[in-house]
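Peer 1: Contents of input_0.pdb (PDB, C-alpha atoms, pLDDT in the B column) are below:
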```
ATOM      1  CA  MET A 147      74.004 -49.665 -77.196  1.00 44.00           C
ATOM      2  CA  GLN A 148      75.363 -50.842 -73.873  1.00 49.00           C
ATOM      3  CA  TYR A 149      76.176 -54.510 -73.779  1.00 45.00           C
ATOM      4  CA  ASN A 150      77.321 -56.679 -70.907  1.00 52.00           C
ATOM      5  CA  ALA A 151      78.206 -60.193 -72.045  1.00 52.00           C
ATOM      6  CA  LYS A 152      77.399 -61.646 -68.620  1.00 60.00           C
ATOM      7  CA  ALA A 153      74.044 -59.932 -68.135  1.00 71.00           C
ATOM      8  CA  PRO A 154      70.847 -61.580 -69.414  1.00 92.00           C
ATOM      9  CA  TYR A 155      69.737 -58.204 -70.825  1.00 95.00           C
ATOM     10  CA  ILE A 156      70.757 -55.782 -73.535  1.00 96.00           C
ATOM     11  CA  VAL A 157      70.237 -52.134 -72.543  1.00 97.00           C
ATOM     12  CA  GLU A 158      69.874 -49.544 -75.305  1.00 98.00           C
ATOM     13  CA  THR A 159      69.960 -45.829 -74.521  1.00 98.00           C
ATOM     14  CA  HIS A 160      69.477 -42.611 -76.538  1.00 98.00           C
ATOM     15  CA  TRP A 161      66.214 -43.654 -78.191  1.00 98.00           C
ATOM     16  CA  GLN A 162      63.049 -41.640 -78.465  1.00 98.00           C
ATOM     17  CA  ILE A 163      59.507 -42.554 -79.366  1.00 98.00           C
ATOM     18  CA  GLU A 164      58.678 -41.591 -82.947  1.00 98.00           C
ATOM     19  CA  GLU A 165      55.187 -43.065 -83.127  1.00 98.00           C
ATOM     20  CA  VAL A 166      52.803 -44.969 -80.899  1.00 98.00           C
ATOM     21  CA  LEU A 167      51.241 -47.660 -83.105  1.00 98.00           C
ATOM     22  CA  ASP A 168      48.877 -49.035 -80.475  1.00 97.00           C
ATOM     23  CA  GLY A 169      48.877 -49.987 -76.810  1.00 97.00           C
ATOM     24  CA  ASP A 170      51.689 -52.514 -77.146  1.00 97.00           C
ATOM     25  CA  SER A 171      53.866 -51.386 -80.081  1.00 98.00           C
ATOM     26  CA  ILE A 172      55.918 -48.273 -80.721  1.00 98.00           C
ATOM     27  CA  ILE A 173      58.359 -46.992 -83.326  1.00 98.00           C
ATOM     28  CA  ILE A 174      61.543 -45.560 -81.852  1.00 98.00           C
ATOM     29  CA  SER A 175      64.466 -43.719 -83.400  1.00 98.00           C
ATOM     30  CA  HIS A 176      68.007 -43.326 -82.171  1.00 98.00           C
ATOM     31  CA  ARG A 177      68.656 -39.721 -81.195  1.00 97.00           C
ATOM     32  CA  PHE A 178      72.045 -39.586 -82.938  1.00 97.00           C
ATOM     33  CA  THR A 179      72.033 -42.135 -85.771  1.00 97.00           C
ATOM     34  CA  LYS A 180      68.292 -41.675 -86.578  1.00 96.00           C
ATOM     35  CA  LEU A 181      67.993 -45.455 -86.995  1.00 98.00           C
ATOM     36  CA  LYS A 182      64.344 -46.503 -86.550  1.00 98.00           C
ATOM     37  CA  LYS A 183      62.835 -49.751 -85.338  1.00 98.00           C
ATOM     38  CA  GLU A 184      59.616 -51.170 -83.965  1.00 98.00           C
ATOM     39  CA  ILE A 185      59.446 -52.323 -80.359  1.00 98.00           C
ATOM     40  CA  ARG A 186      56.781 -54.780 -79.187  1.00 97.00           C
ATOM     41  CA  LEU A 187      56.264 -54.542 -75.428  1.00 97.00           C
ATOM     42  CA  TYR A 188      57.098 -57.689 -73.467  1.00 97.00           C
ATOM     43  CA  GLY A 189      54.558 -59.751 -71.565  1.00 96.00           C
ATOM     44  CA  LEU A 190      51.350 -57.983 -72.482  1.00 96.00           C
ATOM     45  CA  ASP A 191      48.673 -57.609 -75.104  1.00 96.00           C
ATOM     46  CA  ALA A 192      46.527 -54.533 -75.695  1.00 97.00           C
ATOM     47  CA  PRO A 193      43.397 -54.518 -77.847  1.00 97.00           C
ATOM     48  CA  GLU A 194      43.857 -53.690 -81.524  1.00 96.00           C
ATOM     49  CA  VAL A 195      43.178 -50.216 -82.942  1.00 96.00           C
ATOM     50  CA  LYS A 196      41.987 -51.454 -86.337  1.00 93.00           C
ATOM     51  CA  ILE A 197      40.034 -54.367 -87.728  1.00 90.00           C
ATOM     52  CA  ASN A 198      42.537 -57.044 -88.756  1.00 92.00           C
ATOM     53  CA  ARG A 199      43.294 -60.755 -88.387  1.00 91.00           C
ATOM     54  CA  LYS A 200      44.203 -60.427 -84.715  1.00 91.00           C
ATOM     55  CA  MET A 201      41.040 -58.448 -83.991  1.00 90.00           C
ATOM     56  CA  LYS A 202      38.983 -61.332 -85.382  1.00 91.00           C
ATOM     57  CA  GLU A 203      40.876 -63.781 -83.127  1.00 93.00           C
ATOM     58  CA  ASP A 204      40.396 -61.504 -80.095  1.00 93.00           C
ATOM     59  CA  GLU A 205      36.691 -61.198 -80.883  1.00 92.00           C
ATOM     60  CA  GLU A 206      36.316 -64.999 -80.865  1.00 94.00           C
ATOM     61  CA  LYS A 207      38.409 -65.506 -77.699  1.00 92.00           C
ATOM     62  CA  SER A 208      36.721 -62.763 -75.672  1.00 93.00           C
ATOM     63  CA  SER A 209      33.174 -63.054 -77.063  1.00 94.00           C
ATOM     64  CA  LEU A 210      33.204 -59.241 -77.276  1.00 96.00           C
ATOM     65  CA  PRO A 211      32.242 -57.467 -80.521  1.00 95.00           C
ATOM     66  CA  ALA A 212      35.043 -56.003 -82.617  1.00 95.00           C
ATOM     67  CA  GLN A 213      33.616 -52.472 -82.281  1.00 96.00           C
ATOM     68  CA  LEU A 214      33.877 -52.661 -78.481  1.00 97.00           C
ATOM     69  CA  LEU A 215      37.402 -54.128 -78.662  1.00 97.00           C
ATOM     70  CA  LEU A 216      38.296 -51.307 -81.039  1.00 97.00           C
ATOM     71  CA  GLN A 217      37.147 -48.734 -78.450  1.00 98.00           C
ATOM     72  CA  PHE A 218      39.293 -50.486 -75.834  1.00 98.00           C
ATOM     73  CA  GLY A 219      42.248 -50.440 -78.239  1.00 98.00           C
ATOM     74  CA  LEU A 220      41.855 -46.689 -78.659  1.00 98.00           C
ATOM     75  CA  GLN A 221      41.688 -46.239 -74.866  1.00 98.00           C
ATOM     76  CA  SER A 222      44.953 -48.177 -74.551  1.00 98.00           C
ATOM     77  CA  LEU A 223      46.545 -46.112 -77.334  1.00 98.00           C
ATOM     78  CA  HIS A 224      45.457 -42.852 -75.662  1.00 98.00           C
ATOM     79  CA  PHE A 225      46.909 -44.024 -72.339  1.00 98.00           C
ATOM     80  CA  VAL A 226      50.299 -44.639 -73.985  1.00 98.00           C
ATOM     81  CA  LEU A 227      50.138 -41.255 -75.714  1.00 98.00           C
ATOM     82  CA  LEU A 228      49.430 -39.650 -72.335  1.00 98.00           C
ATOM     83  CA  VAL A 229      52.347 -41.266 -70.447  1.00 98.00           C
ATOM     84  CA  ALA A 230      54.815 -41.677 -73.354  1.00 98.00           C
ATOM     85  CA  PRO A 231      54.030 -39.306 -76.224  1.00 98.00           C
ATOM     86  CA  PRO A 232      56.213 -39.022 -79.335  1.00 98.00           C
ATOM     87  CA  LYS A 233      59.627 -37.448 -78.590  1.00 98.00           C
ATOM     88  CA  THR A 234      59.752 -39.107 -75.146  1.00 98.00           C
ATOM     89  CA  VAL A 235      63.310 -40.313 -74.540  1.00 98.00           C
ATOM     90  CA  VAL A 236      63.334 -43.992 -73.583  1.00 98.00           C
ATOM     91  CA  THR A 237      65.693 -46.779 -72.660  1.00 98.00           C
ATOM     92  CA  ILE A 238      64.959 -50.198 -74.135  1.00 98.00           C
ATOM     93  CA  ILE A 239      65.810 -53.340 -72.189  1.00 98.00           C
ATOM     94  CA  THR A 240      65.683 -56.626 -74.095  1.00 97.00           C
ATOM     95  CA  GLU A 241      66.190 -60.150 -72.788  1.00 96.00           C
ATOM     96  CA  LYS A 242      69.032 -61.806 -74.711  1.00 94.00           C
ATOM     97  CA  GLU A 243      67.256 -65.172 -74.774  1.00 91.00           C
ATOM     98  CA  ASN A 244      63.988 -63.681 -76.003  1.00 92.00           C
ATOM     99  CA  TYR A 245      64.893 -60.886 -78.395  1.00 95.00           C
ATOM    100  CA  TYR A 246      62.335 -61.084 -81.252  1.00 93.00           C
ATOM    101  CA  ASP A 247      58.672 -62.024 -81.526  1.00 92.00           C
ATOM    102  CA  TYR A 248      57.073 -64.234 -84.179  1.00 88.00           C
ATOM    103  CA  TRP A 249      56.803 -61.250 -86.546  1.00 88.00           C
ATOM    104  CA  ASN A 250      60.515 -60.444 -86.100  1.00 92.00           C
ATOM    105  CA  ARG A 251      59.883 -57.293 -84.057  1.00 94.00           C
ATOM    106  CA  GLN A 252      62.301 -56.544 -81.245  1.00 97.00           C
ATOM    107  CA  LEU A 253      60.725 -57.154 -77.854  1.00 97.00           C
ATOM    108  CA  GLY A 254      61.433 -54.729 -75.058  1.00 97.00           C
ATOM    109  CA  TYR A 255      60.776 -53.217 -71.693  1.00 98.00           C
ATOM    110  CA  VAL A 256      60.341 -49.494 -72.353  1.00 98.00           C
ATOM    111  CA  ILE A 257      61.799 -47.409 -69.536  1.00 98.00           C
ATOM    112  CA  LEU A 258      60.547 -43.826 -69.341  1.00 98.00           C
ATOM    113  CA  PRO A 259      62.595 -40.803 -68.147  1.00 98.00           C
ATOM    114  CA  SER A 260      60.905 -41.159 -64.720  1.00 98.00           C
ATOM    115  CA  GLY A 261      62.381 -44.658 -64.416  1.00 98.00           C
ATOM    116  CA  LEU A 262      58.931 -46.233 -64.682  1.00 98.00           C
ATOM    117  CA  CYS A 263      58.369 -49.100 -67.101  1.00 98.00           C
ATOM    118  CA  LEU A 264      55.708 -48.467 -69.768  1.00 98.00           C
ATOM    119  CA  ASN A 265      54.882 -52.202 -69.872  1.00 98.00           C
ATOM    120  CA  GLU A 266      54.069 -52.176 -66.149  1.00 98.00           C
ATOM    121  CA  LEU A 267      52.080 -48.928 -66.322  1.00 98.00           C
ATOM    122  CA  LEU A 268      49.809 -50.433 -68.981  1.00 98.00           C
ATOM    123  CA  LEU A 269      49.146 -53.510 -66.845  1.00 98.00           C
ATOM    124  CA  GLN A 270      48.768 -51.667 -63.537  1.00 98.00           C
ATOM    125  CA  ASN A 271      46.295 -49.231 -65.069  1.00 98.00           C
ATOM    126  CA  GLY A 272      44.238 -51.909 -66.823  1.00 98.00           C
ATOM    127  CA  TYR A 273      44.972 -50.944 -70.436  1.00 98.00           C
ATOM    128  CA  ALA A 274      46.623 -54.239 -71.405  1.00 98.00           C
ATOM    129  CA  LYS A 275      46.501 -57.823 -70.215  1.00 97.00           C
ATOM    130  CA  ALA A 276      49.378 -60.128 -69.372  1.00 97.00           C
ATOM    131  CA  THR A 277      50.010 -62.840 -71.942  1.00 95.00           C
ATOM    132  CA  GLN A 278      52.542 -65.594 -72.479  1.00 88.00           C
ATOM    133  CA  HIS A 279      52.403 -65.005 -76.254  1.00 84.00           C
ATOM    134  CA  TYR A 280      55.045 -62.318 -75.763  1.00 75.00           C
ATOM    135  CA  TYR A 281      56.844 -64.190 -73.029  1.00 77.00           C
ATOM    136  CA  CYS A 282      59.206 -62.408 -70.691  1.00 92.00           C
ATOM    137  CA  GLY A 283      61.069 -63.156 -67.488  1.00 93.00           C
ATOM    138  CA  LYS A 284      58.616 -60.944 -65.582  1.00 96.00           C
ATOM    139  CA  LEU A 285      55.515 -62.846 -66.741  1.00 96.00           C
ATOM    140  CA  ALA A 286      54.479 -63.993 -63.252  1.00 96.00           C
ATOM    141  CA  GLU A 287      54.750 -60.407 -61.942  1.00 97.00           C
ATOM    142  CA  TYR A 288      52.843 -59.136 -64.967  1.00 97.00           C
ATOM    143  CA  GLN A 289      50.071 -61.679 -64.400  1.00 97.00           C
ATOM    144  CA  ALA A 290      49.792 -60.468 -60.792  1.00 98.00           C
ATOM    145  CA  MET A 291      49.623 -56.814 -61.948  1.00 98.00           C
ATOM    146  CA  ASN A 292      46.966 -57.761 -64.477  1.00 98.00           C
ATOM    147  CA  ARG A 293      44.910 -59.565 -61.834  1.00 98.00           C
ATOM    148  CA  GLN A 294      45.134 -56.582 -59.482  1.00 98.00           C
ATOM    149  CA  ALA A 295      43.841 -54.245 -62.217  1.00 98.00           C
ATOM    150  CA  GLN A 296      40.939 -56.659 -62.793  1.00 98.00           C
ATOM    151  CA  LEU A 297      40.115 -56.794 -59.080  1.00 98.00           C
ATOM    152  CA  ASN A 298      40.317 -52.987 -58.808  1.00 98.00           C
ATOM    153  CA  ASN A 299      38.082 -52.503 -61.889  1.00 98.00           C
ATOM    154  CA  ILE A 300      40.435 -49.961 -63.460  1.00 98.00           C
ATOM    155  CA  GLY A 301      41.148 -49.044 -67.066  1.00 98.00           C
ATOM    156  CA  ILE A 302      39.358 -51.338 -69.493  1.00 98.00           C
ATOM    157  CA  TYR A 303      38.386 -53.552 -66.545  1.00 98.00           C
ATOM    158  CA  SER A 304      36.049 -50.782 -65.362  1.00 98.00           C
ATOM    159  CA  GLN A 305      33.884 -51.712 -68.383  1.00 97.00           C
ATOM    160  CA  VAL A 306      34.336 -55.495 -68.787  1.00 96.00           C
ATOM    161  CA  LYS A 307      35.686 -58.400 -66.714  1.00 94.00           C
ATOM    162  CA  VAL A 308      37.866 -59.792 -69.520  1.00 91.00           C
ATOM    163  CA  PHE A 309      39.080 -58.564 -72.919  1.00 93.00           C
TER     164      PHE A 309
END
```
Output the file's structure in the form of structure tokens.
Peer 2:
Amino acid sequence: MQYNAKAPYIVETHWQIEEVLDGDSIIISHRFTKLKKEIRLYGLDAPEVKINRKMKEDEEKSSLPAQLLLQFGLQSLHFVLLVAPPKTVVTIITEKENYYDYWNRQLGYVILPSGLCLNELLLQNGYAKATQHYYCGKLAEYQAMNRQAQLNNIGIYSQVKVF
């Protein structure tokens, strides 16, 4: 782990994706120590891939049926598997002031070998929406990316106006 006491971020290298849980959560492992942990992507929310408490909440908020939200969740999952499949080497960037979510998962920006940010790819391609529930310093930018995907009718937004 690289650590700069003056920087607002912690940068962790030598990790690889072990498992993609859904469109906004992954399990990573350290390439040398084999330590594993879950990373919840900053600033966005993707539909769920199984019926659970959050799915019920999303169903009420969006007025969309759970079965449709489930299809959207699987689309988001497949997008992540396409751009960041298991064994992809990643760098995790975490804001020092905003390290864990409510469920005690580490929050992170997931940087791919190309230098692109997985969080931003999901938003730009319409497979997740920006949300303040997983607040990050880039929230305003993420909201703008989300709005552009809506306006361009891409990803999930090609099928519905909101999710």
Peer 1: Atom CA of A:Leu220 and atom CA of A:His176 are how many Å apart?
Peer 2: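 Computing the Euclidean distance for atom CA of A:Leu220 and atom CA of A:His176 yields 26.6 Å.
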Peer 1: Measuring atom to atom with only C-alpha atoms, identify which of A:Asp204, A:Glu266, A:Asp191, A:Glu184 is nearest to A:Asn250.
Peer 2: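 Of all the options, A:Glu184 lies closest to A:Asn250.
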Peer 1: Using the chain letters and residue numbers of this document, give as a PyMOL selection string the residues selected by the PyMOL selection byres ((chain A and resi 154) around 6).
Peer 2: chain A and resi 153+155+241-242
Peer 1: Name the residues that the PyMOL selection byres ((chain A and resi 265) around 9) pulls out of this structure, and write them as a ChimeraX atom specification.
Peer 2: /A:170,187-190,254-257,262-264,266-270,274,288
Peer 1: If you keep C-alpha atoms, can you produce a file of those selected residues as a PDB file, in the coordinates of the input?
Peer 2:
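So result32.pdb came out as:
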```
ATOM      1  CA  ASP A 170      51.689 -52.514 -77.146  1.00 97.00           C
ATOM      2  CA  LEU A 187      56.264 -54.542 -75.428  1.00 97.00           C
ATOM      3  CA  TYR A 188      57.098 -57.689 -73.467  1.00 97.00           C
ATOM      4  CA  GLY A 189      54.558 -59.751 -71.565  1.00 96.00           C
ATOM      5  CA  LEU A 190      51.350 -57.983 -72.482  1.00 96.00           C
ATOM      6  CA  GLY A 254      61.433 -54.729 -75.058  1.00 97.00           C
ATOM      7  CA  TYR A 255      60.776 -53.217 -71.693  1.00 98.00           C
ATOM      8  CA  VAL A 256      60.341 -49.494 -72.353  1.00 98.00           C
ATOM      9  CA  ILE A 257      61.799 -47.409 -69.536  1.00 98.00           C
ATOM     10  CA  LEU A 262      58.931 -46.233 -64.682  1.00 98.00           C
ATOM     11  CA  CYS A 263      58.369 -49.100 -67.101  1.00 98.00           C
ATOM     12  CA  LEU A 264      55.708 -48.467 -69.768  1.00 98.00           C
ATOM     13  CA  GLU A 266      54.069 -52.176 -66.149  1.00 98.00           C
ATOM     14  CA  LEU A 267      52.080 -48.928 -66.322  1.00 98.00           C
ATOM     15  CA  LEU A 268      49.809 -50.433 -68.981  1.00 98.00           C
ATOM     16  CA  LEU A 269      49.146 -53.510 -66.845  1.00 98.00           C
ATOM     17  CA  GLN A 270      48.768 -51.667 -63.537  1.00 98.00           C
ATOM     18  CA  ALA A 274      46.623 -54.239 -71.405  1.00 98.00           C
ATOM     19  CA  TYR A 288      52.843 -59.136 -64.967  1.00 97.00           C
TER      20      TYR A 288
END
```
Peer 1: Take the PyMOL selection byres ((chain A and resi 229) around 12), run it mentally on this structure, and tell me the resulting residues as a ChimeraX atom specification.
Peer 2: /A:163,166,169,222-228,230-236,256-260,262-268,271
Peer 1: Atom CA of A:Asp168 and atom CA of A:Ile238, how far apart in Å?
Peer 2: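 Spanning atom CA of A:Ile238 to atom CA of A:Asp168 is a straight-line distance of 17.3 Å.
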Peer 1: Within 12 Å of A:Glu203, counting only C-alpha atoms, which residues qualify if same-chain residues fewer than 3 places away don't, as a list of chain:residue names?
Peer 2: A:Pro193, A:Glu194, A:Ile197, A:Asn198, A:Arg199, A:Lys200, A:Glu206, A:Lys207, A:Ser208, A:Ser209, A:Leu210, A:Pro211, A:Ala212, A:Leu215, A:Phe309
Peer 1: As an exercise, work out the distance from atom CA of A:Asn299 to atom CA of A:Ala286 in Å and give it to one decimal place.
Peer 2: 20.1 Å
Peer 1: Between A:Gln162, A:Ser171, A:Gln305, A:Gln217, which residue has the minimum interatomic distance to A:Arg251, considering only C-alpha atoms?
Peer 2: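 Among the listed residues, A:Ser171 lies closest to A:Arg251.
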